[in-house]
Amino acid sequence: MPSLSIYAGGLQLNNPILLAAGILGTTGASLCRAARSGAGGVVTKSVGSLPREGHPGPTIVHVEGGLLNAMGLPNPSYKDFQDEIDAARASGVPVIASIFGSFAAEFAQIARSLKADAFELNLSCPHAEKYGSELGRYPDLVESVTGAVKAASNVPVWVKLTPNTADIVELGLAAQRGGADAIVAINTLKAMAIDIETGYPILGNRFGGLSGPAIKPVAVRCVYELAGRLEIPVIGVGGVSTWEDAVEMIMAGASAVQVGTALLRGYGVFEEITTGLSRYLERKSMTLEELCGLAGKEKLQ
């Protein structure tokens with residue numbers, strides 16, 4: 001069977017299928033279980049400087065094509081999360097700590113204090129005031145935050161971008177100028193749902209982030225555009241549920257792929273996707289490197 005091992009974003013991965021941030025990443029035990037189930041790497045739940053309870057409920061609602069969530073970045077703060085990261089690192093796969101802040105120095109302080117195999121900068125959450133996409137939609141802030149974390153840490157820095165922008169490539173170029181080792185694209189799409197019986201928004205925060213199969217075409221387009229312009233790797237995420245989705249994302253230019261909402265089916269999704277990807281490469285007599293970015297090179301014979 002073809003090798004699925006790949007070097008991407010400064011990390012050596014046994015396979016390119018990773019656990020996305022925010023899904024089952026709140027404890028070392030859940031991160032380890034994802035690794036044992038076949039994830040090539042795991043991304044933690046986003047942590048910040050201070051404990052946050054998040055938004056009032058309801059915080060998650062099923063909608064056609066996926067999930068709508070407005071968790072509000074609940075977390076215990078980075079000061080109480082190192083033990084979970086340490087436990088996860090015992091799994092033997094890279095652990096990427098997702099971190100957030102409201103300004104560059106805050107990001108840098110967290111990065112200096114936490115020990116992880118890499119950092120993923122959450123500059124894209126669409127439903128947390130003063131955080132996430134409220135910073136990440138401005139190229140100058142993306143560049144300054146990335147540069148601050150890069151200067152404060154000695155591990156790879158990934159920058160997760162928002163699709164809620166007029167030009168995601170502009171944001172990617174800003175992160176690249178700041179020294180990012182990889183771009184992660186995309187986070188959820190800002191959306192909402194209304195209860196037609198009461199006339200009120202269903203989510204406690206009114207607005208949330210749409211994830212799941214409905215956003216995959218948007219994610220594929222963003223990955224394709226970014227991979228065509230950037231000199232650093234792109235990690236694709238958004239609506240990946242099957243091995244076919246992973247192949248499409250890699251063809252668009254993703255060096256690795258993160259899986260989130262599909263975990264509703266259970267941890268077995270990692271093995272399903274990696275097995276399908278491996279068989280596909282064998283059938284096509286291709287390597288991962290040859291598959292990556294194929295859509296921007298030539299048509300598959």
# chains A, B, ... in the order shown; residues from 1 in each chain; ligands from 1
$ closest_atom_pairs --of "stretch 223-250 of chain A" --to "stretch 164-182 of chain A" --cutoff "6 Å" --atoms "only C-alpha atoms" --output "JSON lines"
{"residue": "A:Leu226", "atom": "CA", "partner": "A:Val169", "partner_atom": "CA", "distance": 5.4}
{"residue": "A:Ile232", "atom": "CA", "partner": "A:Ala182", "partner_atom": "CA", "distance": 5.5}
{"residue": "A:Pro233", "atom": "CA", "partner": "A:Ala182", "partner_atom": "CA", "distance": 4.9}
{"residue": "A:Val234", "atom": "CA", "partner": "A:Ala182", "partner_atom": "CA", "distance": 5.7}
$ select_by_dssp --residues "stretch 38-171 of chain A" --states "helix (DSSP H, G or I)" --output "JSON, numbers by chain"
{"A": [78, 79, 80, 82, 83, 84, 85, 86, 87, 88, 89, 104, 105, 106, 107, 108, 109, 110, 111, 112, 113, 133, 134, 135, 136, 139, 140, 141, 142, 143, 144, 145, 146, 147, 148, 149, 150, 151, 152, 168, 169, 170, 171]}
$ atom_distance --atom1 "atom CA of A:Gln258" --atom2 "atom CA of A:Ala20"
4.9 Å
$ closest_residue --among "A:Ala108, A:Leu189, A:Val142, A:Leu19" --to "A:Asn154" --atoms "only C-alpha atoms"
A:Ala108
$ closest_residue --among "A:Leu277, A:Ile235, A:Cys292, A:Leu67" --to "A:Pro213" --atoms "only C-alpha atoms"
A:Leu67
$ atom_distance --atom1 "atom CA of A:Leu263" --atom2 "atom CA of A:Leu230"
29.8 Å
$ residues_around --residues "A:Pro201" --least-positions-apart "4" --cutoff "12 Å" --atoms "only C-alpha atoms" --output "PyMOL selection string"
chain A and resi 57-59+61+68+70+191-197+205-208
$ select_by_dssp --residues "stretch 86-283 of chain A" --states "strand (DSSP E or B)" --output "ChimeraX atom specification"
/A:95-99,118-122,157-160,182-185,189-192,194,201,207-211,234-237,254-259
$ closest_residue --among "A:Cys32, A:Leu141, A:Leu135, A:Val47" --to "A:Ser113" --atoms "only C-alpha atoms"
A:Val47
$ residues_around --residues "A:Ile17" --least-positions-apart "6" --cutoff "6 Å" --atoms "only C-alpha atoms" --output "ChimeraX atom specification"
/A:39-40,257-258
$ closest_residue --among "A:Pro94, A:Gly293, A:Gly25, A:Gly66" --to "A:Gly10" --atoms "only C-alpha atoms"
A:Pro94
$ atom_distance --atom1 "atom CA of A:Gly268" --atom2 "atom CA of A:Ala34"
8.9 Å
$ residues_around --residues "A:Gly48" --least-positions-apart "6" --cutoff "10 Å" --atoms "only C-alpha atoms" --output "list of chain:residue names"
A:Leu73, A:Pro74, A:Asn75, A:Pro76, A:Ser77, A:Tyr78, A:Lys79, A:Phe81, A:Ser98, A:Ile99, A:Phe100, A:Gly101, A:Ser102, A:Glu106, A:Phe107, A:Gln109, A:Ile110, A:Asn122, A:Tyr131
$ closest_atom_pairs --of "stretch 265-298 of chain A" --to "stretch 238-253 of chain A" --cutoff "9 Å" --atoms "only C-alpha atoms" --output "JSON lines"
{"residue": "A:Val269", "atom": "CA", "partner": "A:Ser241", "partner_atom": "CA", "distance": 7.7}
{"residue": "A:Glu272", "atom": "CA", "partner": "A:Trp243", "partner_atom": "CA", "distance": 7.0}
{"residue": "A:Ile273", "atom": "CA", "partner": "A:Trp243", "partner_atom": "CA", "distance": 4.2}
{"residue": "A:Thr274", "atom": "CA", "partner": "A:Trp243", "partner_atom": "CA", "distance": 6.9}
{"residue": "A:Thr275", "atom": "CA", "partner": "A:Trp243", "partner_atom": "CA", "distance": 7.9}
{"residue": "A:Gly276", "atom": "CA", "partner": "A:Trp243", "partner_atom": "CA", "distance": 5.2}
{"residue": "A:Leu277", "atom": "CA", "partner": "A:Trp243", "partner_atom": "CA", "distance": 5.5}
{"residue": "A:Tyr280", "atom": "CA", "partner": "A:Val247", "partner_atom": "CA", "distance": 8.5}
{"residue": "A:Leu288", "atom": "CA", "partner": "A:Ile250", "partner_atom": "CA", "distance": 8.3}
{"residue": "A:Leu291", "atom": "CA", "partner": "A:Met251", "partner_atom": "CA", "distance": 5.7}
{"residue": "A:Cys292", "atom": "CA", "partner": "A:Ile250", "partner_atom": "CA", "distance": 4.9}
{"residue": "A:Gly293", "atom": "CA", "partner": "A:Gly253", "partner_atom": "CA", "distance": 3.7}
{"residue": "A:Leu294", "atom": "CA", "partner": "A:Met251", "partner_atom": "CA", "distance": 4.8}
{"residue": "A:Ala295", "atom": "CA", "partner": "A:Met251", "partner_atom": "CA", "distance": 5.2}
{"residue": "A:Gly296", "atom": "CA", "partner": "A:Ala252", "partner_atom": "CA", "distance": 7.0}
$ write_last_selection --atoms "C-alpha atoms" --output "mmCIF file, in the first residue's frame"
data_model
loop_
_atom_site.group_PDB
_atom_site.id
_atom_site.type_symbol
_atom_site.label_atom_id
_atom_site.label_comp_id
_atom_site.auth_asym_id
_atom_site.auth_seq_id
_atom_site.Cartn_x
_atom_site.Cartn_y
_atom_site.Cartn_z
ATOM 1 C CA VAL A 269 -13.976 7.997 10.559
ATOM 2 C CA GLU A 272 -12.345 4.948 7.008
ATOM 3 C CA ILE A 273 -10.720 7.960 5.376
ATOM 4 C CA THR A 274 -7.100 6.791 5.577
ATOM 5 C CA THR A 275 -7.967 3.336 4.241
ATOM 6 C CA GLY A 276 -9.961 4.778 1.361
ATOM 7 C CA LEU A 277 -7.222 7.282 0.552
ATOM 8 C CA TYR A 280 -7.243 5.208 -4.091
ATOM 9 C CA LEU A 288 0.436 11.774 -1.914
ATOM 10 C CA LEU A 291 -1.965 13.966 -5.766
ATOM 11 C CA CYS A 292 -1.448 17.256 -3.908
ATOM 12 C CA GLY A 293 -2.513 20.183 -6.068
ATOM 13 C CA LEU A 294 -3.336 17.987 -9.054
ATOM 14 C CA ALA A 295 -6.395 20.075 -9.896
ATOM 15 C CA GLY A 296 -4.115 23.017 -10.535
#
$ closest_residue --among "A:Lys45, A:Glu134, A:Ser144, A:Pro139" --to "A:Glu120" --atoms "only C-alpha atoms"
A:Lys45
$ closest_residue --among "A:Gly28, A:Pro56, A:Pro2, A:Gly38" --to "A:Glu84" --atoms "only C-alpha atoms"
A:Gly28
